[in-house]
>>> print(open('start.cif').read())   # mmCIF, C-alpha atoms
data_coords
#
loop_
_atom_site.label_atom_id
_atom_site.label_comp_id
_atom_site.auth_asym_id
_atom_site.auth_seq_id
_atom_site.Cartn_x
_atom_site.Cartn_y
_atom_site.Cartn_z
CA MET A 8 91.42 124.82 92.33
CA TYR A 9 94.44 125.70 90.19
CA ARG A 10 95.28 128.63 92.49
CA PHE A 11 94.90 126.39 95.53
CA LEU A 12 97.22 123.68 94.19
CA GLN A 13 99.80 126.19 92.94
CA ASN A 14 99.97 128.04 96.25
CA GLU A 15 103.38 127.49 97.88
CA ARG A 16 101.68 126.86 101.24
CA VAL A 17 99.93 123.78 99.80
CA ASN A 18 101.89 120.55 99.44
CA GLU A 19 101.20 116.85 98.95
CA ASP A 20 102.40 115.85 102.42
CA ASP A 21 99.91 118.14 104.15
CA ILE A 22 97.00 116.89 102.02
CA ILE A 23 97.95 113.25 102.70
CA MET A 24 98.39 113.93 106.42
CA ASN A 25 94.90 115.46 106.56
CA LEU A 26 93.38 112.47 104.74
CA ALA A 27 95.09 110.07 107.15
CA SER A 28 93.90 112.10 110.15
CA ASN A 29 90.30 111.93 108.97
CA CYS A 30 90.68 108.19 108.34
CA LYS A 31 91.99 107.54 111.85
CA LYS A 32 89.04 109.36 113.42
CA ALA A 33 86.58 107.33 111.32
CA CYS A 34 88.02 103.85 111.91
CA LYS A 35 89.06 104.09 115.57
CA GLY A 36 88.41 100.80 117.35
CA LYS A 37 87.38 98.95 114.17
CA TYR A 38 88.79 95.76 112.64
CA VAL A 39 89.82 96.86 109.14
CA ILE A 40 91.14 95.71 105.80
CA CYS A 41 93.60 98.00 103.99
CA ILE A 42 93.58 97.63 100.21
CA GLN A 43 96.57 98.75 98.14
CA ASP A 44 97.06 99.23 94.41
CA THR A 45 98.70 101.72 92.05
CA THR A 46 96.90 104.38 90.02
CA GLU A 47 98.53 106.11 87.06
CA ILE A 48 97.72 109.79 86.50
CA ASN A 49 98.42 110.24 82.77
CA LEU A 50 98.63 113.86 81.60
CA SER A 51 99.88 113.20 78.05
CA SER A 52 96.95 115.02 76.46
CA HIS A 53 98.06 118.17 78.31
CA SER A 54 101.76 117.86 77.49
CA ARG A 55 101.94 121.28 75.77
CA ARG A 56 100.43 123.04 78.79
CA ILE A 57 102.49 121.40 81.55
CA ASN A 58 105.73 122.65 83.03
CA LYS A 59 107.96 119.58 82.92
CA ASP A 60 109.60 119.78 86.36
CA ASP A 61 110.76 117.24 88.93
CA PHE A 62 107.15 116.42 89.89
CA ILE A 63 106.23 115.11 86.43
CA GLY A 64 107.80 112.13 84.68
CA THR A 65 107.11 109.32 82.27
CA THR A 66 104.45 106.75 83.13
CA ASN A 67 105.67 104.26 80.53
CA ALA A 68 108.63 101.97 81.06
CA LYS A 69 109.41 102.10 77.33
CA ASN A 70 109.49 105.90 77.51
CA SER A 71 107.49 106.11 74.27
CA GLN A 72 104.27 107.48 75.74
CA GLY A 73 103.02 108.70 79.05
CA LEU A 74 103.46 111.87 81.04
CA GLY A 75 102.39 112.20 84.65
CA PHE A 76 102.87 110.49 88.00
CA PHE A 77 101.72 107.58 90.15
CA ILE A 78 99.64 107.26 93.32
CA HIS A 79 99.74 104.18 95.56
CA PRO A 80 97.11 104.53 98.32
CA SER A 81 96.05 102.37 101.26
CA LEU A 82 92.25 102.41 101.31
CA VAL A 83 90.80 101.42 104.70
CA LEU A 84 87.50 99.52 104.86
CA ASP A 85 85.50 97.96 107.66
CA ALA A 86 86.32 94.23 107.63
CA GLU A 87 82.76 93.24 108.51
CA ASN A 88 80.59 95.40 106.25
CA GLY A 89 82.96 97.11 103.78
CA THR A 90 82.29 100.69 104.95
CA PRO A 91 85.12 102.90 103.57
CA TYR A 92 86.88 104.96 106.24
CA GLY A 93 89.40 106.76 104.04
CA TYR A 94 93.11 106.58 103.29
CA ALA A 95 95.68 105.64 105.94
CA ALA A 96 98.67 106.31 103.69
CA ILE A 97 99.39 107.45 100.12
CA LYS A 98 102.66 107.33 98.19
CA VAL A 99 103.02 109.77 95.26
CA TRP A 100 106.00 109.52 92.92
CA ASN A 101 107.13 109.84 89.32
CA ARG A 102 109.69 108.20 87.10
CA PRO A 103 112.33 110.50 85.58
CA LEU A 104 111.54 111.80 82.10
CA LYS A 105 114.77 110.17 80.91
CA PHE A 106 113.70 106.74 82.04
CA THR A 107 116.16 103.86 81.64
CA SER A 108 115.22 100.20 81.30
CA LYS A 109 115.44 97.63 84.11
CA PHE A 110 118.36 96.03 82.27
CA GLU A 111 120.27 99.31 82.10
CA ARG A 112 119.70 99.88 85.82
CA GLY A 113 120.61 96.32 86.83
CA TYR A 114 117.18 96.20 88.47
CA SER A 115 117.21 92.52 89.43
CA LYS A 116 120.38 92.98 91.50
CA LEU A 117 119.16 96.04 93.41
CA PRO A 118 118.13 95.67 97.08
CA ILE A 119 114.37 95.80 97.55
CA GLU A 120 114.61 99.30 99.11
CA GLU A 121 115.92 100.69 95.80
CA LYS A 122 113.26 99.08 93.60
CA GLU A 123 109.98 100.73 92.60
CA SER A 124 108.21 97.65 93.98
CA TYR A 125 109.30 98.76 97.46
CA LYS A 126 106.14 100.91 97.34
CA TRP A 127 104.21 97.86 98.63
CA LEU A 128 106.37 97.54 101.75
CA GLU A 129 106.65 101.31 102.25
CA VAL A 130 102.90 101.92 102.16
CA SER A 131 102.32 98.87 104.39
CA LYS A 132 104.75 100.29 106.96
CA ASN A 133 103.16 103.75 106.71
CA THR A 134 99.70 102.20 107.15
CA GLN A 135 100.89 100.43 110.30
CA ALA A 136 102.38 103.66 111.64
CA SER A 137 99.22 105.60 110.86
CA LEU A 138 96.82 103.12 112.48
CA LYS A 139 99.01 102.13 115.43
CA ASP A 140 96.94 102.26 118.62
CA ILE A 141 93.91 103.25 116.47
CA VAL A 142 92.60 99.85 115.33
CA PRO A 143 92.82 96.51 117.20
CA ALA A 144 93.89 94.66 114.02
CA MET A 145 94.19 95.02 110.27
CA VAL A 146 94.54 92.86 107.15
CA ILE A 147 96.57 94.39 104.31
CA VAL A 148 95.19 93.19 100.95
CA GLN A 149 97.22 93.38 97.74
CA ASP A 150 97.16 92.09 94.18
CA ARG A 151 99.84 89.93 92.53
CA GLU A 152 102.47 92.67 92.30
CA GLY A 153 102.59 92.68 96.11
CA ASP A 154 103.73 89.04 96.20
CA ILE A 155 107.17 89.94 97.60
CA TYR A 156 109.01 87.59 99.98
CA GLU A 157 110.58 90.49 101.92
CA GLN A 158 107.13 91.84 102.69
CA PHE A 159 105.89 88.56 104.17
CA ALA A 160 109.09 88.41 106.22
CA THR A 161 108.98 91.94 107.66
CA ILE A 162 105.45 93.43 107.73
CA PRO A 163 103.28 91.00 109.78
CA ASN A 164 103.11 91.60 113.53
CA ALA A 165 100.71 91.10 116.42
CA THR A 166 98.08 93.40 114.84
CA THR A 167 98.87 93.12 111.09
CA GLU A 168 98.13 90.27 108.67
CA LEU A 169 98.89 90.10 104.94
CA LEU A 170 96.58 88.75 102.22
CA VAL A 171 98.20 88.81 98.77
CA ARG A 172 97.33 87.17 95.47
CA ALA A 173 100.18 84.84 94.51
CA ARG A 174 102.09 85.84 91.40
CA THR A 175 104.96 83.35 91.37
CA ASP A 176 104.77 79.55 91.30
CA ARG A 177 107.39 79.26 94.01
CA LYS A 178 109.32 76.16 94.99
CA LEU A 179 108.31 75.06 98.46
CA LYS A 180 110.41 73.67 101.28
CA ASP A 181 109.15 70.15 100.50
CA LYS A 182 110.37 70.48 96.86
CA THR A 183 106.85 70.76 95.40
CA SER A 184 105.57 73.85 93.57
CA LEU A 185 103.09 76.27 95.11
CA PHE A 186 100.46 76.17 92.36
CA SER A 187 100.36 72.37 92.21
CA THR A 188 100.38 71.67 95.94
CA LEU A 189 96.58 71.82 96.27
CA GLN A 190 95.75 69.73 93.19
CA PRO A 191 95.51 66.40 95.05
CA GLU A 192 93.53 67.97 97.89
CA PRO A 193 89.72 67.55 97.97
CA ALA A 194 87.63 70.72 97.97
CA GLN A 195 86.76 71.78 101.52
CA GLU A 196 83.59 73.49 100.30
CA SER A 197 81.89 74.81 97.19
CA TYR A 198 79.50 77.73 96.82
CA GLN A 199 78.03 79.94 94.11
CA ILE A 200 78.66 83.57 93.25
CA GLU A 201 77.21 85.89 90.62
CA VAL A 202 79.75 87.09 88.02
CA ASP A 203 78.80 90.42 86.46
CA SER A 204 78.92 91.00 82.71
CA CYS A 205 81.70 93.18 81.26
CA ALA A 206 81.41 94.91 77.88
CA ASN A 207 85.17 95.54 77.62
CA THR A 208 86.11 91.87 77.94
CA LYS A 209 82.83 90.61 76.38
CA ARG A 210 82.17 88.62 79.53
CA LYS A 211 78.61 87.43 79.96
CA LYS A 212 76.81 87.37 83.29
CA ARG A 213 76.85 83.93 84.87
CA THR A 214 76.54 82.01 88.11
CA ALA A 215 79.92 80.51 89.01
CA THR A 216 80.50 77.53 91.29
CA ILE A 217 83.64 78.10 93.35
CA GLU A 218 85.61 75.33 95.08
CA ILE A 219 87.78 76.22 98.09
CA ARG A 220 91.05 74.50 98.98
CA TYR A 221 93.68 75.60 101.47
CA LYS A 222 96.71 74.32 103.36
CA GLU A 223 99.78 75.57 105.18
CA VAL A 224 102.90 75.87 103.01
CA GLU A 225 106.54 76.82 103.63
CA LEU A 226 108.27 79.13 101.16
CA ASN A 227 112.01 79.23 100.58
CA ARG A 228 113.81 82.57 100.59
CA PRO A 229 114.56 83.68 96.99
CA THR A 230 118.24 83.69 96.02
CA ASN A 231 118.24 87.46 95.39
CA ALA A 232 116.62 88.33 98.74
CA SER A 233 118.57 89.71 101.68
CA LYS A 234 120.27 87.03 103.79
CA ALA A 235 119.23 89.04 106.87
CA ILE A 236 115.61 87.85 106.61
CA ALA A 237 114.19 84.42 107.40
CA SER A 238 115.41 81.55 105.19
CA SER A 239 111.86 80.19 104.98
CA LEU A 240 108.33 81.30 105.86
CA LYS A 241 105.19 79.39 106.79
CA LEU A 242 102.04 80.85 105.22
CA PHE A 243 98.58 79.61 104.33
CA PHE A 244 97.76 79.09 100.66
CA ILE A 245 94.12 79.43 99.56
CA GLU A 246 92.76 78.57 96.12
CA ALA A 247 89.31 79.63 94.91
CA SER A 248 88.74 77.90 91.56
CA GLU A 249 85.68 77.79 89.34
CA THR A 250 84.37 74.37 88.34
CA GLY A 251 82.09 73.35 85.47
CA TYR A 252 83.23 76.22 83.23
CA THR A 253 85.98 76.33 80.59
CA GLY A 254 85.94 79.96 79.36
CA LYS A 255 89.09 82.11 79.27
CA ASP A 256 87.72 84.16 82.17
CA LYS A 257 87.45 81.11 84.44
CA ILE A 258 88.03 82.19 88.04
CA CYS A 259 91.19 80.94 89.73
CA TRP A 260 92.41 83.03 92.66
CA ARG A 261 95.50 81.83 94.51
CA LEU A 262 96.03 83.71 97.75
CA LEU A 263 98.88 83.73 100.26
CA THR A 264 98.13 84.91 103.78
CA THR A 265 99.83 85.17 107.15
CA MET A 266 96.48 84.43 108.80
CA ASN A 267 95.96 81.07 110.47
CA VAL A 268 93.37 79.53 108.14
CA GLU A 269 92.11 76.87 110.49
CA ASN A 270 88.66 76.46 108.97
CA VAL A 271 86.75 77.10 105.77
CA GLU A 272 84.99 80.18 107.14
CA ILE A 273 88.31 82.00 107.52
CA ALA A 274 89.25 80.93 103.98
CA LYS A 275 85.94 82.32 102.66
CA ASN A 276 86.54 85.58 104.51
CA CYS A 277 89.94 85.91 102.84
CA ILE A 278 88.41 85.27 99.41
CA GLU A 279 85.69 87.84 100.07
CA TRP A 280 88.19 90.45 101.26
CA TYR A 281 90.35 89.92 98.20
CA SER A 282 87.38 90.06 95.80
#
>>> encode(input="start.cif", output="structure tokens")
Amino acid sequence: MYRFLQNERVNEDDIIMNLASNCKKACKGKYVICIQDTTEINLSSHSRRINKDDFIGTTNAKNSQGLGFFIHPSLVLDAENGTPYGYAAIKVWNRPLKFTSKFERGYSKLPIEEKESYKWLEVSKNTQASLKDIVPAMVIVQDREGDIYEQFATIPNATTELLVRARTDRKLKDKTSLFSTLQPEPAQESYQIEVDSCANTKRKKRTATIEIRYKEVELNRPTNASKAIASSLKLFFIEASETGYTGKDKICWRLLTTMNVENVEIAKNCIEWYS
């Protein structure tokens, strides 16, 4: 394996292209969900054995620990039964060993294309390019770090929807706040799910009762976003909140989606895809 990876005829782009090719063959004609998140490959324990070149960097923003690189894949699953079809796109990158802080780089003033968080948009675009004319439709699913206004404004199209867990309690067009907008709304439905135990967090197994609320909302464009994109966006906001339980691990998922959530079944599908 070492000889294979060190061979000059082997490179990351070829490996990723092969993975994407296999994925396209497997999911052709299927309605899919494409899940994104970032994985850190930490090689600190091997620091004395590694040649510190341009392919290896720090994995810690404080630059105190961490040696390695990052992988941000787009994992493609069947939307109906969860069958994994493979990876439509993968971004691999590293931070420089001499890593500077966000303050030193003026990070907040940088255009989105120059920020590390652009990985969410980049991999979404690469997923679209990879699966174009392969699948009839896709839903891109992301966690809170993917809650980026520019992504909602530029990625959705006739065959692509976004489903992202909300990170920011944004101010809405009607002057209310996103996280409070559903509080006065009655639950559209409630149902039960089994929550698994977790030794790391000391969570005990339980049956949770989940209430579903949803409504259409209109977001304002953030002040630091490009003026070239829409000044406001209409999305659907879904909240899945646990009732009758007060523990610290109480479930409360707030999801933003470009899908038209016209009934509770679509809302439940979105919650299931996110979970």
>>> resolve_selection(input="start.cif", expression="the PyMOL selection byres ((chain A and resi 91) around 12)", output="ChimeraX atom specification")
/A:29-31,33-34,37,39-42,81-90,92-95
>>> atom_distance(input="start.cif", atom1="CA of Phe159 in chain A", atom2="CA of Arg102 in chain A")
26.3 Å
>>> residues_around(input="start.cif", residues="Thr188 in chain A", least_positions_apart="5", cutoff="12 Å", atoms="all atoms listed in the file", output="VMD selection string")
chain A and resid 176 to 183 193 220 to 225 243 to 246 261
>>> atom_distance(input="start.cif", atom1="CA of Lys241 in chain A", atom2="CA of Pro143 in chain A")
23.5 Å
>>> residues_around(input="start.cif", residues="Leu104 in chain A", least_positions_apart="5", cutoff="9 Å", atoms="all atoms listed in the file", output="list of chain:residue names")
A:Lys59, A:Asp61, A:Ile63, A:Gly64, A:Thr65, A:Thr66, A:Asn70, A:Leu74
>>> atom_distance(input="start.cif", atom1="CA of Glu15 in chain A", atom2="CA of Thr46 in chain A")
25.3 Å
>>> closest_residue(input="start.cif", among="A:Ile78, A:Ala136, A:Ala165, A:Ala173", to="Glu152 in chain A", atoms="all atoms listed in the file")
A:Ala173
>>> closest_residue(input="start.cif", among="A:Asn25, A:Gln190, A:Asn231, A:Asn101", to="Ile48 in chain A", atoms="only C-alpha atoms")
A:Asn101
>>> closest_residue(input="start.cif", among="A:Ser54, A:Ser248, A:Ser238, A:Gln13", to="Tyr198 in chain A", atoms="all atoms listed in the file")
A:Ser248
>>> resolve_selection(input="start.cif", expression="the PyMOL selection byres ((chain A and resi 213) around 12)", output="MDAnalysis selection string")
chainID A and resid 199:205 210:212 214:216 249 251:252 254 256:258
>>> residues_around(input="start.cif", residues="Glu19 in chain A", least_positions_apart="6", cutoff="12 Å", atoms="all atoms listed in the file", output="CSV table (one decimal) with C-alpha atoms, in the coordinates of the input")
chain,number,residue,atom,x,y,z
A,11,PHE,CA,94.9,126.4,95.5
A,12,LEU,CA,97.2,123.7,94.2
A,13,GLN,CA,99.8,126.2,92.9
A,25,ASN,CA,94.9,115.5,106.6
A,26,LEU,CA,93.4,112.5,104.7
A,62,PHE,CA,107.2,116.4,89.9
A,78,ILE,CA,99.6,107.3,93.3
A,96,ALA,CA,98.7,106.3,103.7
A,97,ILE,CA,99.4,107.4,100.1
A,98,LYS,CA,102.7,107.3,98.2
A,99,VAL,CA,103.0,109.8,95.3
A,100,TRP,CA,106.0,109.5,92.9
>>> closest_residue(input="start.cif", among="A:Leu263, A:Leu50, A:Leu240, A:Ile273", to="Arg174 in chain A", atoms="only C-alpha atoms")
A:Leu263
>>> closest_residue(input="start.cif", among="A:Ser233, A:Ser239, A:Asn67, A:Gln195", to="Glu218 in chain A", atoms="only C-alpha atoms")
A:Gln195
>>> resolve_selection(input="start.cif", expression="the PyMOL selection byres ((chain A and resi 276) around 12)", output="ChimeraX atom specification")
/A:40,86-88,146,170,219,245,247,262,264,266,268-275,277-282
>>> closest_residue(input="start.cif", among="A:Cys259, A:Leu185, A:Met145, A:Ile236", to="Ile217 in chain A", atoms="only C-alpha atoms")
A:Cys259
>>> residues_around(input="start.cif", residues="Trp127 in chain A", least_positions_apart="6", cutoff="10 Å", atoms="all atoms listed in the file", output="MDAnalysis selection string")
chainID A and resid 43:45 79:81 98 149 152:155 158
>>> residues_around(input="start.cif", residues="Asp140 in chain A", least_positions_apart="5", cutoff="10 Å", atoms="all atoms listed in the file", output="VMD selection string")
chain A and resid 31 35 to 36 135 166
>>> build_atoms(input="start.cif", residues="range 226-237 of chain A", atoms="all heavy atoms", output="PDB file, in the coordinates of the input")
ATOM      1  N   LEU A 226     107.541  78.566 102.287  1.00  0.00           N
ATOM      2  CA  LEU A 226     108.270  79.130 101.160  1.00  0.00           C
ATOM      3  C   LEU A 226     109.752  79.236 101.471  1.00  0.00           C
ATOM      4  O   LEU A 226     110.134  79.554 102.602  1.00  0.00           O
ATOM      5  CB  LEU A 226     107.748  80.535 100.834  1.00  0.00           C
ATOM      6  CG  LEU A 226     106.243  80.757 100.663  1.00  0.00           C
ATOM      7  CD1 LEU A 226     105.988  82.201 100.230  1.00  0.00           C
ATOM      8  CD2 LEU A 226     105.661  79.784  99.649  1.00  0.00           C
ATOM      9  N   ASN A 227     110.570  79.009 100.453  1.00  0.00           N
ATOM     10  CA  ASN A 227     112.010  79.230 100.580  1.00  0.00           C
ATOM     11  C   ASN A 227     112.342  80.680 100.250  1.00  0.00           C
ATOM     12  O   ASN A 227     111.703  81.296  99.389  1.00  0.00           O
ATOM     13  CB  ASN A 227     112.780  78.315  99.633  1.00  0.00           C
ATOM     14  CG  ASN A 227     112.774  76.869 100.094  1.00  0.00           C
ATOM     15  OD1 ASN A 227     112.925  76.601 101.282  1.00  0.00           O
ATOM     16  ND2 ASN A 227     112.605  75.944  99.166  1.00  0.00           N
ATOM     17  N   ARG A 228     113.340  81.221 100.896  1.00  0.00           N
ATOM     18  CA  ARG A 228     113.810  82.570 100.590  1.00  0.00           C
ATOM     19  C   ARG A 228     114.399  82.605  99.188  1.00  0.00           C
ATOM     20  O   ARG A 228     115.224  81.764  98.837  1.00  0.00           O
ATOM     21  CB  ARG A 228     114.859  82.999 101.615  1.00  0.00           C
ATOM     22  CG  ARG A 228     115.397  84.415 101.414  1.00  0.00           C
ATOM     23  CD  ARG A 228     116.441  84.743 102.469  1.00  0.00           C
ATOM     24  NE  ARG A 228     117.573  83.821 102.394  1.00  0.00           N
ATOM     25  CZ  ARG A 228     118.370  83.517 103.423  1.00  0.00           C
ATOM     26  NH1 ARG A 228     118.146  84.050 104.602  1.00  0.00           N
ATOM     27  NH2 ARG A 228     119.362  82.669 103.274  1.00  0.00           N
ATOM     28  N   PRO A 229     113.993  83.565  98.337  1.00  0.00           N
ATOM     29  CA  PRO A 229     114.560  83.680  96.990  1.00  0.00           C
ATOM     30  C   PRO A 229     116.071  83.956  97.062  1.00  0.00           C
ATOM     31  O   PRO A 229     116.568  84.545  98.023  1.00  0.00           O
ATOM     32  CB  PRO A 229     113.820  84.878  96.386  1.00  0.00           C
ATOM     33  CG  PRO A 229     112.579  85.018  97.204  1.00  0.00           C
ATOM     34  CD  PRO A 229     112.934  84.566  98.580  1.00  0.00           C
ATOM     35  N   THR A 230     116.784  83.543  96.026  1.00  0.00           N
ATOM     36  CA  THR A 230     118.240  83.690  96.020  1.00  0.00           C
ATOM     37  C   THR A 230     118.676  85.147  96.032  1.00  0.00           C
ATOM     38  O   THR A 230     119.748  85.471  96.547  1.00  0.00           O
ATOM     39  CB  THR A 230     118.830  82.997  94.791  1.00  0.00           C
ATOM     40  OG1 THR A 230     118.201  83.509  93.601  1.00  0.00           O
ATOM     41  CG2 THR A 230     118.608  81.487  94.853  1.00  0.00           C
ATOM     42  N   ASN A 231     117.848  86.048  95.456  1.00  0.00           N
ATOM     43  CA  ASN A 231     118.240  87.460  95.390  1.00  0.00           C
ATOM     44  C   ASN A 231     117.742  88.278  96.579  1.00  0.00           C
ATOM     45  O   ASN A 231     117.930  89.490  96.632  1.00  0.00           O
ATOM     46  CB  ASN A 231     117.745  88.093  94.091  1.00  0.00           C
ATOM     47  CG  ASN A 231     116.237  88.054  93.958  1.00  0.00           C
ATOM     48  OD1 ASN A 231     115.564  87.329  94.688  1.00  0.00           O
ATOM     49  ND2 ASN A 231     115.707  88.819  93.026  1.00  0.00           N
ATOM     50  N   ALA A 232     117.110  87.626  97.553  1.00  0.00           N
ATOM     51  CA  ALA A 232     116.620  88.330  98.740  1.00  0.00           C
ATOM     52  C   ALA A 232     117.741  88.486  99.759  1.00  0.00           C
ATOM     53  O   ALA A 232     118.723  87.744  99.746  1.00  0.00           O
ATOM     54  CB  ALA A 232     115.448  87.586  99.363  1.00  0.00           C
ATOM     55  N   SER A 233     117.574  89.447 100.645  1.00  0.00           N
ATOM     56  CA  SER A 233     118.570  89.710 101.680  1.00  0.00           C
ATOM     57  C   SER A 233     118.734  88.502 102.593  1.00  0.00           C
ATOM     58  O   SER A 233     117.756  87.878 103.011  1.00  0.00           O
ATOM     59  CB  SER A 233     118.171  90.927 102.510  1.00  0.00           C
ATOM     60  OG  SER A 233     118.992  91.053 103.647  1.00  0.00           O
ATOM     61  N   LYS A 234     119.984  88.163 102.892  1.00  0.00           N
ATOM     62  CA  LYS A 234     120.270  87.030 103.790  1.00  0.00           C
ATOM     63  C   LYS A 234     119.916  87.367 105.243  1.00  0.00           C
ATOM     64  O   LYS A 234     119.938  86.492 106.113  1.00  0.00           O
ATOM     65  CB  LYS A 234     121.743  86.651 103.697  1.00  0.00           C
ATOM     66  CG  LYS A 234     122.182  86.215 102.304  1.00  0.00           C
ATOM     67  CD  LYS A 234     121.437  84.976 101.846  1.00  0.00           C
ATOM     68  CE  LYS A 234     121.969  84.444 100.522  1.00  0.00           C
ATOM     69  NZ  LYS A 234     121.636  85.321  99.375  1.00  0.00           N
ATOM     70  N   ALA A 235     119.562  88.631 105.501  1.00  0.00           N
ATOM     71  CA  ALA A 235     119.230  89.040 106.870  1.00  0.00           C
ATOM     72  C   ALA A 235     117.814  88.633 107.270  1.00  0.00           C
ATOM     73  O   ALA A 235     117.468  88.697 108.453  1.00  0.00           O
ATOM     74  CB  ALA A 235     119.389  90.554 107.012  1.00  0.00           C
ATOM     75  N   ILE A 236     116.985  88.249 106.295  1.00  0.00           N
ATOM     76  CA  ILE A 236     115.610  87.850 106.610  1.00  0.00           C
ATOM     77  C   ILE A 236     115.506  86.333 106.679  1.00  0.00           C
ATOM     78  O   ILE A 236     116.418  85.616 106.287  1.00  0.00           O
ATOM     79  CB  ILE A 236     114.610  88.436 105.598  1.00  0.00           C
ATOM     80  CG1 ILE A 236     114.930  87.957 104.175  1.00  0.00           C
ATOM     81  CG2 ILE A 236     114.602  89.954 105.657  1.00  0.00           C
ATOM     82  CD1 ILE A 236     113.954  88.439 103.146  1.00  0.00           C
ATOM     83  N   ALA A 237     114.385  85.856 107.156  1.00  0.00           N
ATOM     84  CA  ALA A 237     114.190  84.420 107.400  1.00  0.00           C
ATOM     85  C   ALA A 237     114.445  83.592 106.141  1.00  0.00           C
ATOM     86  O   ALA A 237     114.063  83.986 105.032  1.00  0.00           O
ATOM     87  CB  ALA A 237     112.775  84.179 107.910  1.00  0.00           C
TER      88      ALA A 237
END
